[in-house]
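Undergrad: Quick one, run-v1.cif (mmCIF, C-alpha atoms):
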data_input
#
loop_
_atom_site.label_atom_id
_atom_site.label_comp_id
_atom_site.auth_asym_id
_atom_site.auth_seq_id
_atom_site.Cartn_x
_atom_site.Cartn_y
_atom_site.Cartn_z
CA MET A 1 6.76 -24.09 -17.52
CA GLU A 2 3.81 -22.73 -15.58
CA LYS A 3 0.40 -24.09 -16.32
CA PHE A 4 -1.63 -21.13 -15.12
CA LYS A 5 -3.25 -18.71 -17.53
CA ILE A 6 -2.36 -15.03 -17.61
CA LEU A 7 -5.37 -12.87 -18.37
CA GLU A 8 -5.31 -9.15 -19.22
CA ILE A 9 -8.49 -7.82 -17.64
CA LYS A 10 -9.99 -4.49 -18.54
CA ALA A 11 -12.04 -2.02 -16.57
CA ASN A 12 -15.55 -1.74 -17.91
CA ILE A 13 -17.15 0.82 -15.70
CA PHE A 14 -20.73 -0.19 -15.04
CA GLU A 15 -23.11 2.57 -14.24
CA ASP A 16 -23.81 0.79 -11.01
CA ASN A 17 -20.91 -1.38 -9.87
CA LYS A 18 -22.68 -2.11 -6.59
CA LYS A 19 -25.74 -3.50 -8.35
CA GLU A 20 -23.58 -5.69 -10.60
CA ALA A 21 -21.72 -6.86 -7.50
CA ASP A 22 -24.97 -7.93 -5.81
CA ILE A 23 -25.92 -9.88 -8.94
CA LEU A 24 -22.54 -11.65 -8.99
CA ARG A 25 -22.83 -12.47 -5.27
CA ASP A 26 -26.24 -14.07 -5.86
CA GLU A 27 -24.94 -16.08 -8.82
CA LEU A 28 -22.02 -17.36 -6.77
CA LYS A 29 -24.36 -18.55 -4.03
CA GLU A 30 -26.62 -20.24 -6.56
CA ASN A 31 -23.61 -21.99 -8.07
CA LYS A 32 -22.36 -23.05 -4.62
CA THR A 33 -19.13 -21.10 -4.93
CA PHE A 34 -17.73 -18.98 -2.12
CA LEU A 35 -15.58 -16.03 -3.20
CA LEU A 36 -13.28 -14.31 -0.73
CA ASN A 37 -11.75 -10.94 -1.65
CA LEU A 38 -8.41 -10.70 0.18
CA MET A 39 -6.87 -7.24 0.47
CA SER A 40 -3.86 -5.62 2.13
CA SER A 41 -0.82 -3.39 1.65
CA PRO A 42 2.05 -4.71 -0.42
CA GLY A 43 4.17 -7.08 1.64
CA SER A 44 1.76 -7.85 4.46
CA GLY A 45 1.79 -11.58 3.68
CA LYS A 46 -1.23 -12.24 1.44
CA THR A 47 0.52 -14.96 -0.54
CA THR A 48 2.02 -16.72 2.50
CA THR A 49 -1.38 -16.60 4.20
CA LEU A 50 -2.99 -18.11 1.10
CA ARG A 51 -0.42 -20.89 0.89
CA ARG A 52 -1.07 -21.96 4.47
CA THR A 53 -4.83 -21.62 4.02
CA ILE A 54 -4.78 -23.80 0.91
CA ALA A 55 -2.55 -26.41 2.57
CA SER A 56 -4.98 -26.59 5.51
CA LEU A 57 -8.24 -26.73 3.52
CA LYS A 58 -7.40 -28.51 0.28
CA ASP A 59 -8.87 -31.83 1.44
CA GLU A 60 -12.17 -30.16 2.38
CA TYR A 61 -12.72 -27.79 -0.56
CA ARG A 62 -11.81 -27.53 -4.22
CA ILE A 63 -9.86 -24.29 -4.19
CA GLY A 64 -9.13 -21.75 -6.90
CA ILE A 65 -7.02 -18.59 -6.66
CA MET A 66 -7.11 -15.42 -8.76
CA GLU A 67 -3.83 -13.53 -8.42
CA ALA A 68 -4.38 -9.91 -9.38
CA ASP A 69 -1.24 -7.91 -10.11
CA ILE A 70 -0.34 -4.87 -12.09
CA ASP A 71 2.54 -6.80 -13.54
CA SER A 72 4.57 -9.98 -12.94
CA ASP A 73 3.42 -13.44 -12.01
CA VAL A 74 5.63 -14.22 -9.01
CA ASP A 75 2.65 -14.86 -6.73
CA ALA A 76 0.85 -17.13 -9.20
CA LYS A 77 4.01 -19.26 -9.48
CA THR A 78 4.20 -19.57 -5.70
CA ILE A 79 0.53 -20.48 -5.39
CA GLU A 80 0.67 -23.00 -8.24
CA GLU A 81 3.08 -25.08 -6.17
CA THR A 82 0.27 -25.69 -3.65
CA GLY A 83 -1.75 -27.58 -6.25
CA ALA A 84 -4.64 -25.10 -6.22
CA LYS A 85 -6.11 -23.96 -9.53
CA VAL A 86 -4.60 -20.56 -10.33
CA ILE A 87 -5.11 -17.73 -12.75
CA GLN A 88 -2.97 -14.61 -12.98
CA LEU A 89 -4.95 -11.42 -13.64
CA HIS A 90 -3.08 -8.44 -15.02
CA THR A 91 -4.89 -5.17 -14.44
CA GLY A 92 -2.83 -3.10 -16.86
CA GLY A 93 -1.85 -0.50 -14.26
CA MET A 94 -5.23 -0.39 -12.50
CA CYS A 95 -4.95 -0.11 -8.74
CA HIS A 96 -8.03 -2.16 -7.88
CA LEU A 97 -10.56 -4.65 -9.25
CA ASP A 98 -14.20 -3.81 -9.76
CA CYS A 99 -17.00 -6.29 -10.25
CA SER A 100 -16.66 -6.58 -14.02
CA MET A 101 -12.93 -7.31 -13.71
CA THR A 102 -13.66 -9.91 -11.05
CA ARG A 103 -16.23 -11.53 -13.29
CA GLN A 104 -13.70 -11.69 -16.15
CA GLY A 105 -11.30 -13.38 -13.75
CA LEU A 106 -13.88 -15.94 -12.59
CA GLU A 107 -14.75 -16.79 -16.19
CA GLY A 108 -11.06 -17.15 -17.04
CA LEU A 109 -10.46 -19.37 -14.01
CA GLY A 110 -13.58 -21.49 -14.53
CA THR A 111 -15.51 -22.09 -11.29
CA LYS A 112 -17.65 -25.13 -12.15
CA ASP A 113 -15.35 -27.51 -10.31
CA LEU A 114 -14.49 -25.10 -7.47
CA ASP A 115 -16.00 -24.53 -4.01
CA LEU A 116 -13.75 -21.87 -2.54
CA VAL A 117 -12.23 -19.10 -4.67
CA VAL A 118 -9.93 -16.40 -3.33
CA LEU A 119 -9.19 -13.17 -5.14
CA GLU A 120 -5.79 -11.86 -4.07
CA ASN A 121 -6.46 -8.20 -4.81
CA ILE A 122 -3.84 -5.56 -5.73
CA GLY A 123 -1.62 -4.63 -2.77
CA ASN A 124 -3.23 -1.34 -1.78
CA LEU A 125 -5.18 -0.22 1.30
CA VAL A 126 -6.97 2.59 -0.52
CA CYS A 127 -8.58 1.94 -3.89
CA PRO A 128 -9.68 -1.71 -3.53
CA ALA A 129 -11.84 -0.63 -0.57
CA GLU A 130 -13.87 1.62 -2.87
CA PHE A 131 -15.02 -1.04 -5.34
CA ASP A 132 -17.34 -3.91 -4.49
CA THR A 133 -15.94 -6.91 -6.38
CA GLY A 134 -19.05 -9.03 -5.86
CA ALA A 135 -17.17 -11.30 -3.49
CA THR A 136 -19.16 -13.20 -0.86
CA LYS A 137 -16.92 -11.85 1.91
CA ASN A 138 -14.06 -9.37 2.25
CA ALA A 139 -10.98 -9.99 4.36
CA MET A 140 -7.90 -7.87 4.91
CA ILE A 141 -4.45 -8.43 6.32
CA LEU A 142 -2.60 -5.87 8.41
CA SER A 143 0.89 -6.95 9.38
CA VAL A 144 2.62 -6.04 12.62
CA PRO A 145 5.47 -4.04 10.99
CA GLU A 146 2.92 -1.71 9.36
CA GLY A 147 1.81 -0.30 12.72
CA ASP A 148 -1.36 -0.35 14.80
CA ASP A 149 -2.45 3.13 13.65
CA LYS A 150 -3.58 1.96 10.21
CA PRO A 151 -7.33 1.88 11.06
CA LEU A 152 -7.05 5.63 11.71
CA LYS A 153 -5.44 6.29 8.35
CA TYR A 154 -7.27 3.89 6.01
CA PRO A 155 -10.69 3.69 7.68
CA LEU A 156 -12.75 2.60 4.66
CA MET A 157 -10.80 -0.64 4.24
CA PHE A 158 -11.53 -1.60 7.85
CA GLN A 159 -15.19 -0.63 7.45
CA ILE A 160 -15.88 -2.87 4.47
CA CYS A 161 -14.05 -5.99 5.68
CA ASP A 162 -15.71 -8.93 7.43
CA ALA A 163 -12.41 -10.26 8.75
CA LEU A 164 -9.09 -8.69 9.73
CA LEU A 165 -6.00 -10.85 10.00
CA ILE A 166 -3.26 -9.24 12.07
CA ASN A 167 -0.31 -11.06 10.52
CA LYS A 168 3.37 -11.56 11.45
CA ILE A 169 2.68 -11.82 15.20
CA ASP A 170 5.90 -13.87 15.38
CA VAL A 171 7.84 -10.57 15.11
CA LEU A 172 5.77 -8.72 17.74
CA PRO A 173 8.79 -8.46 20.10
CA TYR A 174 10.67 -6.32 17.56
CA PHE A 175 7.91 -3.81 16.82
CA ASP A 176 5.79 -1.39 18.73
CA PHE A 177 2.36 -2.84 17.93
CA ASP A 178 -0.54 -3.10 20.37
CA ILE A 179 -2.97 -5.80 19.19
CA GLU A 180 -5.64 -4.79 21.69
CA GLU A 181 -5.46 -1.12 20.69
CA CYS A 182 -5.52 -2.00 16.98
CA THR A 183 -8.56 -4.25 17.53
CA LYS A 184 -10.35 -1.45 19.37
CA ARG A 185 -9.64 0.98 16.54
CA ALA A 186 -10.90 -1.49 13.94
CA LYS A 187 -14.05 -2.28 15.94
CA ARG A 188 -14.80 1.38 16.43
CA LEU A 189 -15.03 1.64 12.62
CA ASN A 190 -16.73 -1.71 12.17
CA PRO A 191 -18.21 -3.39 15.26
CA ASN A 192 -18.85 -6.64 13.35
CA ILE A 193 -15.32 -7.19 12.08
CA LYS A 194 -13.72 -10.46 13.21
CA VAL A 195 -10.09 -10.05 14.23
CA PHE A 196 -7.57 -12.91 13.95
CA PRO A 197 -4.01 -12.37 15.17
CA VAL A 198 -1.94 -14.90 13.21
CA SER A 199 1.49 -15.78 11.97
CA SER A 200 1.19 -17.19 8.48
CA ARG A 201 4.85 -18.16 8.77
CA THR A 202 4.55 -20.25 11.95
CA GLY A 203 0.83 -21.08 11.86
CA GLU A 204 0.12 -19.48 15.25
CA GLY A 205 -3.52 -18.40 15.59
CA PHE A 206 -4.43 -19.96 12.25
CA ASP A 207 -7.14 -22.32 13.50
CA ALA A 208 -9.53 -19.51 14.43
CA TRP A 209 -9.12 -17.96 10.96
CA LEU A 210 -9.70 -21.31 9.25
CA ASN A 211 -12.80 -21.95 11.33
CA TRP A 212 -14.27 -18.59 10.37
CA LEU A 213 -13.51 -19.25 6.72
CA ARG A 214 -15.07 -22.74 6.86
CA GLU A 215 -18.19 -21.38 8.53
CA GLU A 216 -18.65 -18.61 5.96
CA ALA A 217 -17.78 -20.82 2.99
CA ASN A 218 -20.24 -23.51 4.08
CA LYS A 219 -23.13 -21.01 3.86
CA ASN A 220 -22.59 -21.02 0.09
CA VAL A 221 -21.00 -24.40 -0.58
CA ARG A 222 -22.81 -26.97 1.57
CA MET B 1 -4.27 22.19 20.52
CA GLU B 2 -2.43 21.68 17.24
CA LYS B 3 -1.31 24.71 15.31
CA PHE B 4 -1.17 23.14 11.88
CA LYS B 5 -3.84 23.78 9.27
CA ILE B 6 -6.00 21.03 7.83
CA LEU B 7 -6.77 21.61 4.16
CA GLU B 8 -9.33 19.70 2.10
CA ILE B 9 -7.76 19.53 -1.34
CA LYS B 10 -9.68 18.66 -4.46
CA ALA B 11 -8.69 16.98 -7.68
CA ASN B 12 -8.84 19.37 -10.59
CA ILE B 13 -7.85 17.26 -13.52
CA PHE B 14 -5.71 19.29 -15.87
CA GLU B 15 -5.69 18.24 -19.44
CA ASP B 16 -1.97 17.82 -19.15
CA ASN B 17 -0.86 17.11 -15.58
CA LYS B 18 2.72 16.53 -16.76
CA LYS B 19 2.93 19.96 -18.34
CA GLU B 20 1.54 21.62 -15.19
CA ALA B 21 4.06 19.64 -13.15
CA ASP B 22 6.97 20.94 -15.25
CA ILE B 23 5.70 24.48 -14.71
CA LEU B 24 5.51 23.96 -10.93
CA ARG B 25 9.01 22.46 -10.89
CA ASP B 26 10.39 25.53 -12.67
CA GLU B 27 8.59 27.89 -10.30
CA LEU B 28 9.98 26.06 -7.29
CA LYS B 29 13.52 26.38 -8.63
CA GLU B 30 13.01 30.05 -9.33
CA ASN B 31 11.72 30.57 -5.78
CA LYS B 32 14.68 28.60 -4.33
CA THR B 33 12.45 25.93 -2.85
CA PHE B 34 13.24 22.23 -3.12
CA LEU B 35 10.23 19.90 -3.05
CA LEU B 36 10.66 16.19 -2.32
CA ASN B 37 7.77 13.82 -3.01
CA LEU B 38 8.10 10.93 -0.55
CA MET B 39 6.13 7.78 -1.34
CA SER B 40 5.74 4.27 0.07
CA SER B 41 3.29 1.62 1.22
CA PRO B 42 1.39 2.24 4.43
CA GLY B 43 3.59 1.48 7.42
CA SER B 44 7.02 1.53 5.77
CA GLY B 45 8.23 4.33 8.04
CA LYS B 46 7.68 7.57 6.10
CA THR B 47 6.89 9.60 9.21
CA THR B 48 9.76 8.18 11.28
CA THR B 49 12.14 8.84 8.38
CA LEU B 50 10.87 12.40 8.12
CA ARG B 51 11.30 13.01 11.83
CA ARG B 52 14.93 11.93 11.76
CA THR B 53 15.57 13.87 8.53
CA ILE B 54 14.11 17.05 10.04
CA ALA B 55 16.08 16.64 13.26
CA SER B 56 19.29 16.24 11.24
CA LEU B 57 18.76 19.13 8.81
CA LYS B 58 16.75 21.73 10.70
CA ASP B 59 19.80 23.90 11.39
CA GLU B 60 20.73 23.95 7.69
CA TYR B 61 17.36 24.43 6.03
CA ARG B 62 13.99 25.96 6.80
CA ILE B 63 11.79 22.88 6.49
CA GLY B 64 8.09 22.47 5.71
CA ILE B 65 6.07 19.26 5.57
CA MET B 66 2.82 18.51 3.75
CA GLU B 67 1.13 15.47 5.27
CA ALA B 68 -1.29 13.99 2.76
CA ASP B 69 -3.81 11.56 4.15
CA ILE B 70 -7.23 10.32 3.21
CA ASP B 71 -8.32 10.97 6.74
CA SER B 72 -6.88 11.64 10.21
CA ASP B 73 -4.03 13.87 11.27
CA VAL B 74 -1.90 11.51 13.35
CA ASP B 75 1.19 12.08 11.20
CA ALA B 76 0.86 15.87 11.20
CA LYS B 77 0.72 15.81 15.01
CA THR B 78 3.88 13.71 15.15
CA ILE B 79 5.71 15.95 12.71
CA GLU B 80 4.63 19.15 14.43
CA GLU B 81 6.60 18.05 17.51
CA THR B 82 9.81 18.38 15.46
CA GLY B 83 9.27 22.11 15.08
CA ALA B 84 8.94 21.97 11.28
CA LYS B 85 6.14 23.92 9.61
CA VAL B 86 3.34 21.44 8.87
CA ILE B 87 0.12 21.31 6.94
CA GLN B 88 -2.29 18.39 6.84
CA LEU B 89 -3.80 17.73 3.41
CA HIS B 90 -6.98 15.69 3.25
CA THR B 91 -7.57 14.18 -0.17
CA GLY B 92 -11.21 13.23 0.41
CA GLY B 93 -10.71 9.58 -0.46
CA MET B 94 -8.30 10.17 -3.35
CA CYS B 95 -5.48 7.65 -3.49
CA HIS B 96 -2.80 10.00 -4.82
CA LEU B 97 -1.91 13.66 -5.33
CA ASP B 98 -1.61 15.23 -8.75
CA CYS B 99 0.11 18.51 -9.50
CA SER B 100 -2.92 20.72 -8.86
CA MET B 101 -3.46 19.14 -5.45
CA THR B 102 0.22 19.62 -4.65
CA ARG B 103 0.00 23.25 -5.65
CA GLN B 104 -3.01 23.76 -3.36
CA GLY B 105 -0.95 22.21 -0.57
CA LEU B 106 2.05 24.47 -1.21
CA GLU B 107 -0.18 27.54 -1.23
CA GLY B 108 -1.82 26.41 2.02
CA LEU B 109 1.56 25.78 3.64
CA GLY B 110 3.15 28.99 2.37
CA THR B 111 6.67 28.45 1.01
CA LYS B 112 8.14 31.96 1.08
CA ASP B 113 10.12 31.27 4.22
CA LEU B 114 10.96 27.64 3.38
CA ASP B 115 13.93 26.00 1.63
CA LEU B 116 13.10 22.32 1.82
CA VAL B 117 9.53 21.03 1.55
CA VAL B 118 8.57 17.38 1.76
CA LEU B 119 5.25 16.02 0.56
CA GLU B 120 4.43 12.85 2.48
CA ASN B 121 2.21 11.30 -0.17
CA ILE B 122 -0.66 8.83 0.44
CA GLY B 123 0.59 5.38 1.54
CA ASN B 124 0.23 3.52 -1.74
CA LEU B 125 2.77 1.97 -4.13
CA VAL B 126 0.45 2.13 -7.12
CA CYS B 127 -1.45 5.33 -7.87
CA PRO B 128 0.99 8.01 -6.65
CA ALA B 129 3.51 6.67 -9.19
CA GLU B 130 1.17 7.59 -12.02
CA PHE B 131 0.85 11.30 -11.25
CA ASP B 132 3.68 13.80 -11.50
CA THR B 133 3.22 16.11 -8.50
CA GLY B 134 5.65 18.71 -9.80
CA ALA B 135 8.15 17.83 -7.07
CA THR B 136 11.82 18.51 -7.73
CA LYS B 137 12.71 14.92 -6.84
CA ASN B 138 10.86 11.71 -6.00
CA ALA B 139 11.92 9.32 -3.26
CA MET B 140 10.37 6.10 -2.04
CA ILE B 141 10.72 3.91 0.99
CA LEU B 142 10.56 0.13 0.88
CA SER B 143 10.80 -1.48 4.30
CA VAL B 144 12.44 -4.84 4.99
CA PRO B 145 9.25 -6.57 6.22
CA GLU B 146 7.54 -5.85 2.88
CA GLY B 147 9.91 -8.15 0.98
CA ASP B 148 12.59 -7.76 -1.68
CA ASP B 149 10.26 -8.76 -4.54
CA LYS B 150 8.40 -5.44 -4.59
CA PRO B 151 10.28 -4.01 -7.62
CA LEU B 152 8.86 -6.93 -9.62
CA LYS B 153 5.31 -6.17 -8.54
CA TYR B 154 5.18 -2.37 -8.48
CA PRO B 155 7.70 -1.49 -11.22
CA LEU B 156 6.43 1.99 -12.09
CA MET B 157 7.11 3.33 -8.59
CA PHE B 158 10.74 2.20 -8.80
CA GLN B 159 11.05 3.64 -12.31
CA ILE B 160 9.97 7.16 -11.40
CA CYS B 161 11.94 7.53 -8.15
CA ASP B 162 15.33 9.21 -7.87
CA ALA B 163 16.07 7.64 -4.49
CA LEU B 164 15.05 4.40 -2.79
CA LEU B 165 15.39 4.08 0.96
CA ILE B 166 15.40 0.47 2.12
CA ASN B 167 14.16 1.07 5.66
CA LYS B 168 14.02 -1.00 8.87
CA ILE B 169 17.40 -2.68 8.26
CA ASP B 170 17.57 -3.09 12.06
CA VAL B 171 15.11 -6.00 11.71
CA LEU B 172 16.95 -7.70 8.82
CA PRO B 173 17.81 -10.75 10.99
CA TYR B 174 14.10 -11.55 11.39
CA PHE B 175 13.09 -11.34 7.73
CA ASP B 176 14.09 -12.96 4.49
CA PHE B 177 15.22 -9.84 2.61
CA ASP B 178 18.23 -9.67 0.28
CA ILE B 179 19.36 -6.03 -0.04
CA GLU B 180 21.71 -6.82 -2.92
CA GLU B 181 19.00 -8.66 -4.87
CA CYS B 182 16.47 -5.89 -4.20
CA THR B 183 18.96 -3.26 -5.37
CA LYS B 184 19.61 -5.23 -8.56
CA ARG B 185 15.88 -5.48 -9.25
CA ALA B 186 15.41 -1.74 -8.69
CA LYS B 187 18.39 -0.83 -10.87
CA ARG B 188 17.18 -3.09 -13.66
CA LEU B 189 14.05 -0.91 -13.78
CA ASN B 190 15.88 2.36 -13.18
CA PRO B 191 19.69 2.36 -13.57
CA ASN B 192 19.96 5.86 -12.08
CA ILE B 193 18.11 5.19 -8.84
CA LYS B 194 20.15 5.83 -5.69
CA VAL B 195 19.68 3.16 -3.03
CA PHE B 196 20.09 3.88 0.68
CA PRO B 197 19.71 1.04 3.19
CA VAL B 198 18.74 2.76 6.45
CA SER B 199 17.13 2.32 9.80
CA SER B 200 15.10 5.40 10.58
CA ARG B 201 14.68 4.04 14.08
CA THR B 202 18.42 3.66 14.90
CA GLY B 203 19.90 6.10 12.36
CA GLU B 204 22.06 3.45 10.69
CA GLY B 205 22.92 4.38 7.08
CA PHE B 206 21.27 7.78 7.45
CA ASP B 207 24.31 9.93 6.57
CA ALA B 208 24.38 8.78 2.94
CA TRP B 209 20.68 9.62 2.57
CA LEU B 210 21.14 13.06 4.14
CA ASN B 211 24.10 13.80 1.89
CA TRP B 212 22.11 12.95 -1.21
CA LEU B 213 19.23 15.13 -0.01
CA ARG B 214 21.58 18.05 0.74
CA GLU B 215 23.21 17.76 -2.66
CA GLU B 216 19.89 17.73 -4.50
CA ALA B 217 18.31 20.45 -2.35
CA ASN B 218 21.29 22.76 -2.84
CA LYS B 219 20.75 22.72 -6.61
CA ASN B 220 17.53 24.67 -5.97
CA VAL B 221 18.20 26.42 -2.68
CA ARG B 222 21.77 27.71 -2.77
#
The structure given in the file should be rewritten as structure tokens.

TA:
Amino acid sequence: MEKFKILEIKANIFEDNKKEADILRDELKENKTFLLNLMSSPGSGKTTTLRRTIASLKDEYRIGIMEADIDSDVDAKTIEETGAKVIQLHTGGMCHLDCSMTRQGLEGLGTKDLDLVVLENIGNLVCPAEFDTGATKNAMILSVPEGDDKPLKYPLMFQICDALLINKIDVLPYFDFDIEECTKRAKRLNPNIKVFPVSSRTGEGFDAWLNWLREEANKNVR
Amino acid sequence: MEKFKILEIKANIFEDNKKEADILRDELKENKTFLLNLMSSPGSGKTTTLRRTIASLKDEYRIGIMEADIDSDVDAKTIEETGAKVIQLHTGGMCHLDCSMTRQGLEGLGTKDLDLVVLENIGNLVCPAEFDTGATKNAMILSVPEGDDKPLKYPLMFQICDALLINKIDVLPYFDFDIEECTKRAKRLNPNIKVFPVSSRTGEGFDAWLNWLREEANKNVR
């Protein structure tokens, strides 16, 4: 029997989602909560990355996870095993979360006893990039099997993210993926983006990602 | 210098997209054109699959390809090398194609001298499933690195597709992917879905896919 809640969240289009997002971001800072919005294609390793991140940081931060999915709760079950506080958000077919949906999720999760909250957004490189969730920072995962041309094809996602994890580097020998070229393409769209080649399966490259996350989280939490 | 056109298509929400789609499907049949709507996540191998499909069938059918992308024309360039007739559709940020956008694409491509047209839809497992493009048949690609749990998380896509290609089976040894389990999950959602494990890189399993495509295309074309 799972202990996590399942919440049906509803779109509630604000006239100005961006303005609402800025308000939420300020509130989070005031309440000493850091919210990371984690985005990617389906199957790039968001949940595996989260599991390793939680395992590495759970003694330093009180961590909560919002698992957004159109349907199912397979990811919430996996995350619950880590001991983090989890809520499953069902978007009822919606392909992204806006700020009002994120706020409903935060209220459902309860953030009073949490320092670091991660929103695992819907697996989609298109729509989630278009809606500011109000998160403190945005991160995305691109996995090696997806190909190094993705910045060319989904530019907005790379433009709005503060961090890019290039995941599954343990399978680099079996794919035609040029990390340097991919990094160049991402930086051409967004010169400030931080790029972390990692393997969430083996842990390779993970320290640099964790250090970035600590540094950013501490600006709100400490 | 590329020879293909780049067309900026615009959403033109019909009151009843489904009805318009049925009309387009009938017109295509009348004009002896078969239209396949090919969908998947970013990076699952749509373009590589198309290249091999064109190379295998170009002596049997006159083939045209509509490359839908938010931005860029990298795929259209790749496809043009095969000798197929190509048009690049830019959706201006839209995450899917509806029937009116598909019709604009077909008119831009010109289908009078074509038997088999493939729409390479936006890389997205969510939104394209919600809009009937008017295509004769729908196919999707799920690649091994994405994981065998995707039918649980993106059920609508599996429900509306006539064929599922499980691609990149050449890298099965390096991933935890159970083809049998994935097939069961897909068939639970859609008992009629045809499942084709393939490697578009090596050609493994490709004959079964081509035979299905021939059989379906001939219902319109011959």

Undergrad: Would you kindly translate the PyMOL selection byres ((chain B) within 9 of (chain A)) into the concrete residues it picks from this file, as a compact mmCIF listing (two decimals) with C-alpha atoms, in the coordinates of the input?

TA:
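The result, stored in selection.txt:
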# COMPACT_ATOMS: atom_id res chain seq x y z
CA SER B 41 3.29 1.62 1.22
CA PRO B 42 1.39 2.24 4.43
CA GLY B 43 3.59 1.48 7.42
CA SER B 44 7.02 1.53 5.77
CA GLY B 45 8.23 4.33 8.04
CA ASP B 69 -3.81 11.56 4.15
CA ILE B 70 -7.23 10.32 3.21
CA ASP B 71 -8.32 10.97 6.74
CA SER B 72 -6.88 11.64 10.21
CA ASP B 73 -4.03 13.87 11.27
CA VAL B 74 -1.90 11.51 13.35
CA GLY B 93 -10.71 9.58 -0.46
CA MET B 94 -8.30 10.17 -3.35
CA CYS B 95 -5.48 7.65 -3.49
CA ILE B 122 -0.66 8.83 0.44
CA GLY B 123 0.59 5.38 1.54
CA ASN B 124 0.23 3.52 -1.74
CA LEU B 125 2.77 1.97 -4.13
CA VAL B 126 0.45 2.13 -7.12
CA CYS B 127 -1.45 5.33 -7.87
CA GLU B 130 1.17 7.59 -12.02
CA SER B 143 10.80 -1.48 4.30
CA PRO B 145 9.25 -6.57 6.22
CA GLU B 146 7.54 -5.85 2.88
CA GLY B 147 9.91 -8.15 0.98
CA ASP B 149 10.26 -8.76 -4.54
CA LYS B 150 8.40 -5.44 -4.59
CA LEU B 152 8.86 -6.93 -9.62
CA LYS B 153 5.31 -6.17 -8.54
CA TYR B 154 5.18 -2.37 -8.48
CA PRO B 155 7.70 -1.49 -11.22
CA LEU B 156 6.43 1.99 -12.09
CA VAL B 171 15.11 -6.00 11.71
CA TYR B 174 14.10 -11.55 11.39

Undergrad: For the provided coordinates, the residues matched by the PyMOL selection byres ((chain A and resi 20) around 12) should be stated as a list of chain:residue names.

TA: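 The output of the PyMOL selection byres ((chain A and resi 20) around 12) on this file is A:Asn12, A:Ile13, A:Phe14, A:Glu15, A:Asp16, A:Asn17, A:Lys18, A:Lys19, A:Ala21, A:Asp22, A:Ile23, A:Leu24, A:Arg25, A:Asp26, A:Glu27, A:Asp98, A:Cys99, A:Ser100, A:Met101, A:Thr102, A:Arg103, A:Phe131, A:Asp132, A:Thr133, A:Gly134, A:Ala135.
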
Undergrad: Record the distance separating CA of Thr136 in chain A and CA of Phe196 in chain A, expressed in Å with one decimal.

TA: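 Separation of CA of Thr136 in chain A and CA of Phe196 in chain A: 18.8 Å.
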
Undergrad: Leaving out Ala76 in chain B and any residue of its chain fewer than 6 positions from it, which residues lie within 12 Å of it when counting only C-alpha atoms, given as an MDAnalysis selection string?

TA: (chainID A and resid 153) or (chainID B and resid 2:7 46:48 50:51 64:69 82:90 119:120)

Undergrad: Applied to this file, what does the PyMOL selection byres ((chain B and resi 209) around 12) return in terms of residues, put as a ChimeraX atom specification?

TA: /B:49-50,52-53,56-57,139-141,162-167,194-200,203-208,210-216

Undergrad: So that I have them on file, write out the residues from the current selection with C-alpha atoms, as a CSV table (one decimal), in the coordinates of the input.

TA:
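Okay, this is what ended up in part.csv:
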chain,number,residue,atom,x,y,z
B,49,THR,CA,12.1,8.8,8.4
B,50,LEU,CA,10.9,12.4,8.1
B,52,ARG,CA,14.9,11.9,11.8
B,53,THR,CA,15.6,13.9,8.5
B,56,SER,CA,19.3,16.2,11.2
B,57,LEU,CA,18.8,19.1,8.8
B,139,ALA,CA,11.9,9.3,-3.3
B,140,MET,CA,10.4,6.1,-2.0
B,141,ILE,CA,10.7,3.9,1.0
B,162,ASP,CA,15.3,9.2,-7.9
B,163,ALA,CA,16.1,7.6,-4.5
B,164,LEU,CA,15.0,4.4,-2.8
B,165,LEU,CA,15.4,4.1,1.0
B,166,ILE,CA,15.4,0.5,2.1
B,167,ASN,CA,14.2,1.1,5.7
B,194,LYS,CA,20.2,5.8,-5.7
B,195,VAL,CA,19.7,3.2,-3.0
B,196,PHE,CA,20.1,3.9,0.7
B,197,PRO,CA,19.7,1.0,3.2
B,198,VAL,CA,18.7,2.8,6.4
B,199,SER,CA,17.1,2.3,9.8
B,200,SER,CA,15.1,5.4,10.6
B,203,GLY,CA,19.9,6.1,12.4
B,204,GLU,CA,22.1,3.4,10.7
B,205,GLY,CA,22.9,4.4,7.1
B,206,PHE,CA,21.3,7.8,7.4
B,207,ASP,CA,24.3,9.9,6.6
B,208,ALA,CA,24.4,8.8,2.9
B,210,LEU,CA,21.1,13.1,4.1
B,211,ASN,CA,24.1,13.8,1.9
B,212,TRP,CA,22.1,13.0,-1.2
B,213,LEU,CA,19.2,15.1,0.0
B,214,ARG,CA,21.6,18.0,0.7
B,215,GLU,CA,23.2,17.8,-2.7
B,216,GLU,CA,19.9,17.7,-4.5

Undergrad: Rounded to one decimal in Å, what is the spacing between CA of Pro128 in chain B and CA of Asp178 in chain A?

TA: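 Computing the Euclidean distance for CA of Pro128 in chain B and CA of Asp178 in chain A yields 29.3 Å.
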
Undergrad: Take CA of Met157 in chain B and CA of Thr91 in chain A and report the distance between them in Å, one decimal.

TA: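 If I compute the distance from CA of Met157 in chain B to CA of Thr91 in chain A, I get 15.8 Å.
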
Undergrad: Return as lines of an AutoDock Vina configuration file the centre and edge lengths, in Å with one decimal, of the box along x, y and z that encloses every atom of range 150-159 of chain A in the file, padded by 3 Å per side.

TA:
center_x = -9.4
center_y = 2.3
center_z = 8.0
size_x = 17.6
size_y = 13.9
size_z = 13.5

Undergrad: Taking into account all atoms listed in the file, which residue in the set A:Gly92, A:Leu106, A:Glu81, A:Arg185 is nearest to Ala55 in chain A?

TA: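 Checking each of A:Gly92, A:Leu106, A:Glu81, A:Arg185 against Ala55 in chain A, counting all atoms listed in the file, the winner is A:Glu81.
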